[in-house]
Amino acid sequence: MLKMITMYRYLGVLFLLVVFTSCNDGDIIVTSFDFENQELSVCGEGTSKVLYNINNENIFETISFTLSSSQLSNLENVLATNTGQPISLQLTGSNEIIYRTYDGTVPTNYFCGVIPPSSPKVKEEFKSVGGTVVISTIVRDETDHDKDGILSVDEGMSAGLDTDGDGIPDYLDIDDDGDNVKTSVEIANAGDDPTAGGYRDTDGDGIPNYLDPDDDGDGVPSKLEVTQANQDPASNFNEGGIPKYLDLFSTDSFDEVDFVIENKIPVRFRSSIDIQNLKLKNQGGDGEEISFTTYNLGFFNSTAVETILQPSNP
Ligand SMILES: [Ca+2]
Ligand SMILES: [Ca+2]
Ligand SMILES: [Ca+2]
Ligand SMILES: [Ca+2]
């Protein structure tokens, strides 16, 4: 019996020690709660995602944001693609921000596993009890938006140049002259063709092929140097294996072409996550609350999304 009492006393001391340590960490939280302007990671499937940030420097801490909204992207590693109005979400129900400290290093896959790992142990946890999250998404800066091999600045981006007048500006148009041959194909100079401005100009008229609707200068638009059965000019070859649209002496044409190259380009999005009137409540201790009028949780860079741009003037 005496032994038991001693044991209880011992446990009591241990318990006090733990509480004391926790209080210390509580103090640290308030002064070092500083994830501002950090790049976030994302996990999750469909339109239910977890945004998170892990800090293993000096203190083991994480901040995570569980969110579910039909306004979010369905794609993996993509948060949002809507560059119009920001997405506004209330921190209620399944939308929740959690700040935690731990007793050891937090692995990078901590938030991505099906079952949360048993270690490290959570020391303190603050959960949101109010606030509004605003997700603002923009298209990230690119040097060659349409990845056709010509820099956007050289495709008249600032002036909105649209050579074929289909409503898609050249810097976003994978077929600038609308002849159904991709710009990336037209600028590849396979042979001794003349050049204009450094790019292939087969008929030597001073207009490079990628901007010239009649590349071989035979009077038949490249787009029509096809057959009904095969309407892709890039795969209609003459007997010598040269595409007919590049052969001055091949003038066969089909003029009811309905083949159109799908204008699919990779678009990368960047979302900034701002929180207004955030209130975090300690789930243990004395249940204290931390409030922020505005708080920038950080930003997320989505992986590239294959995006089809529809011509407004086909
Ligand atoms: Ca380009
Ligand atoms: Ca265009
Ligand atoms: Ca073209
Ligand atoms: Ca031609």
# chains A, B, ... in the order shown; residues from 1 in each chain; ligands from 1
call {"tool": "select_by_dssp", "arguments": {"residues": "stretch 94-214 of chain A", "states": "strand (DSSP E or B)", "output": "count of residues only"}}
result
29
call {"tool": "residues_around", "arguments": {"residues": "stretch 38-52 of chain A", "least_positions_apart": "5", "cutoff": "9 Å", "atoms": "only C-alpha atoms", "output": "list of chain:residue names"}}
result
A:Thr62, A:Ile63, A:Ser64, A:Phe65, A:Thr66, A:Leu67, A:Ser68, A:Ser69, A:Ser70, A:Gln71, A:Leu72, A:Ser73, A:Asn74, A:Leu75, A:Glu76, A:Asn77, A:Val78, A:Leu79, A:Phe111, A:Cys112, A:Asn296, A:Leu297, A:Gly298, A:Phe299, A:Phe300, A:Asn301
call {"tool": "residues_around", "arguments": {"residues": "A:Gly130", "least_positions_apart": "2", "cutoff": "12 Å", "atoms": "only C-alpha atoms", "output": "number ranges by chain"}}
result
A: 89-93, 95-98, 127-128, 132-133, 275-281, 289-293
call {"tool": "residues_near_ligand", "arguments": {"ligand": "ligand 2", "cutoff": "8 Å", "atoms": "only C-alpha atoms and all ligand atoms", "output": "list in words"}}
result
Leu161, Asp162, Thr163, Asp164, Gly165, Asp166, Gly167, Ile168, Pro169, Asp170, Leu172, Asp173, Asp175, Asp176, Asp177, Gly178 and Pro311 of chain A
call {"tool": "residues_near_ligand", "arguments": {"ligand": "ligand 1", "cutoff": "9 Å", "atoms": "only C-alpha atoms and all ligand atoms", "output": "list in words"}}
result
Thr143, Asp144, His145, Asp146, Lys147, Asp148, Gly149, Ile150, Leu151, Ser152, Val153, Asp154, Glu155, Asp170, Tyr171, Leu172, Asp173, Ile174, Thr183 and Ser184 of chain A
call {"tool": "residues_near_ligand", "arguments": {"ligand": "ligand 4", "cutoff": "7 Å", "atoms": "only C-alpha atoms and all ligand atoms", "output": "PyMOL selection string"}}
result
chain A and resi 214-222+225+245-246+248
call {"tool": "atom_distance", "arguments": {"atom1": "atom CA of A:Asp179", "atom2": "atom CA of A:Ser158"}}
result
23.7 Å
call {"tool": "residues_around", "arguments": {"residues": "A:Pro120", "least_positions_apart": "4", "cutoff": "12 Å", "atoms": "only C-alpha atoms", "output": "ChimeraX atom specification"}}
result
/A:56,60-62,100-107,110,116,124
call {"tool": "write_last_selection", "arguments": {"atoms": "C-alpha atoms", "output": "short mmCIF file (atom, residue, chain, number, x, y, z; two decimals), in the first residue's frame"}}
result
data_model
loop_
_atom_site.label_atom_id
_atom_site.label_comp_id
_atom_site.auth_asym_id
_atom_site.auth_seq_id
_atom_site.Cartn_x
_atom_site.Cartn_y
_atom_site.Cartn_z
CA ASN A 56 10.83 21.45 -38.03
CA PHE A 60 8.12 21.11 -34.33
CA GLU A 61 4.92 22.71 -35.54
CA THR A 62 2.37 22.49 -38.32
CA ARG A 100 -0.16 21.98 -33.59
CA THR A 101 3.14 21.55 -31.83
CA TYR A 102 4.77 18.12 -31.49
CA ASP A 103 7.37 16.30 -29.47
CA GLY A 104 9.52 15.44 -32.48
CA THR A 105 10.20 15.87 -36.17
CA VAL A 106 7.05 15.92 -38.31
CA PRO A 107 7.47 13.81 -41.46
CA TYR A 110 2.20 13.56 -42.07
CA PRO A 116 -2.23 9.71 -38.92
CA GLU A 124 -0.64 21.33 -28.21
#
call {"tool": "closest_residue", "arguments": {"among": "A:Ile59, A:Val122, A:Ala188, A:Ile308", "to": "ligand 3", "atoms": "only C-alpha atoms and all ligand atoms"}}
result
A:Ala188
call {"tool": "closest_residue", "arguments": {"among": "A:Pro86, A:Gln231, A:Asn109, A:Ala80", "to": "A:Asn53", "atoms": "only C-alpha atoms"}}
result
A:Asn109
call {"tool": "residues_around", "arguments": {"residues": "stretch 249-258 of chain A", "least_positions_apart": "6", "cutoff": "6 Å", "atoms": "only C-alpha atoms", "output": "ChimeraX atom specification"}}
result
/A:224-227
call {"tool": "atom_distance", "arguments": {"atom1": "atom CA of A:Thr307", "atom2": "atom CA of A:Thr137"}}
result
15.4 Å
call {"tool": "atom_distance", "arguments": {"atom1": "atom CA of A:Ile54", "atom2": "atom CA of A:Asn82"}}
result
26.7 Å
call {"tool": "closest_residue", "arguments": {"among": "A:Gln283, A:Ser235, A:Thr294, A:Asn263", "to": "A:Phe126", "atoms": "only C-alpha atoms"}}
result
A:Gln283
call {"tool": "residues_around", "arguments": {"residues": "A:Gly204", "least_positions_apart": "4", "cutoff": "10 Å", "atoms": "only C-alpha atoms", "output": "list in words"}}
result
Asp193, Pro194, Thr195, Ala196, Arg200, Pro208, Asn209, Asp215, Asp216 and Gly217 of chain A
call {"tool": "write_last_selection", "arguments": {"atoms": "N, CA and C atoms", "output": "PDB file, in the first residue's frame"}}
result
ATOM      1  N   ASP A 193      15.777  25.623 -96.132  1.00  0.00           N
ATOM      2  CA  ASP A 193      14.814  26.694 -96.410  1.00  0.00           C
ATOM      3  C   ASP A 193      15.362  28.046 -95.959  1.00  0.00           C
ATOM      4  N   PRO A 194      14.938  29.108 -96.642  1.00  0.00           N
ATOM      5  CA  PRO A 194      15.292  30.445 -96.151  1.00  0.00           C
ATOM      6  C   PRO A 194      14.669  30.704 -94.783  1.00  0.00           C
ATOM      7  N   THR A 195      15.097  31.755 -94.131  1.00  0.00           N
ATOM      8  CA  THR A 195      14.502  32.112 -92.849  1.00  0.00           C
ATOM      9  C   THR A 195      14.068  33.579 -92.889  1.00  0.00           C
ATOM     10  N   ALA A 196      13.134  33.898 -92.013  1.00  0.00           N
ATOM     11  CA  ALA A 196      12.703  35.287 -91.829  1.00  0.00           C
ATOM     12  C   ALA A 196      12.647  35.538 -90.329  1.00  0.00           C
ATOM     13  N   ARG A 200      11.965  29.580 -89.984  1.00  0.00           N
ATOM     14  CA  ARG A 200      11.796  28.973 -91.294  1.00  0.00           C
ATOM     15  C   ARG A 200      10.770  29.732 -92.139  1.00  0.00           C
ATOM     16  N   PRO A 208       7.584  34.324 -91.873  1.00  0.00           N
ATOM     17  CA  PRO A 208       7.965  32.978 -91.424  1.00  0.00           C
ATOM     18  C   PRO A 208       6.762  32.026 -91.479  1.00  0.00           C
ATOM     19  N   ASN A 209       7.047  30.760 -91.718  1.00  0.00           N
ATOM     20  CA  ASN A 209       5.973  29.762 -91.890  1.00  0.00           C
ATOM     21  C   ASN A 209       4.905  29.821 -90.802  1.00  0.00           C
ATOM     22  N   ASP A 215       2.442  28.403 -96.849  1.00  0.00           N
ATOM     23  CA  ASP A 215       3.873  28.267 -96.563  1.00  0.00           C
ATOM     24  C   ASP A 215       4.749  28.075 -97.791  1.00  0.00           C
ATOM     25  N   ASP A 216       4.211  27.355 -98.824  1.00  0.00           N
ATOM     26  CA  ASP A 216       5.055  27.101 -99.988  1.00  0.00           C
ATOM     27  C   ASP A 216       4.799  28.096-101.121  1.00  0.00           C
ATOM     28  N   GLY A 217       3.866  29.014-100.906  1.00  0.00           N
ATOM     29  CA  GLY A 217       3.624  30.067-101.891  1.00  0.00           C
ATOM     30  C   GLY A 217       3.041  29.560-103.207  1.00  0.00           C
TER      31      GLY A 217
END
call {"tool": "closest_residue", "arguments": {"among": "A:Ile115, A:Ile135, A:Thr303, A:Pro213", "to": "A:Ser271", "atoms": "only C-alpha atoms"}}
result
A:Ile135
call {"tool": "closest_residue", "arguments": {"among": "A:Glu186, A:Asp286, A:Glu239, A:Asp205", "to": "ligand 3", "atoms": "only C-alpha atoms and all ligand atoms"}}
result
A:Glu186
call {"tool": "select_by_dssp", "arguments": {"residues": "stretch 107-232 of chain A", "states": "alpha helix (DSSP H)", "output": "VMD selection string"}}
result
chain A and resid 183 to 186
call {"tool": "closest_residue", "arguments": {"among": "A:Val181, A:Ile265, A:Ala234, A:Ala190", "to": "ligand 3", "atoms": "only C-alpha atoms and all ligand atoms"}}
result
A:Val181
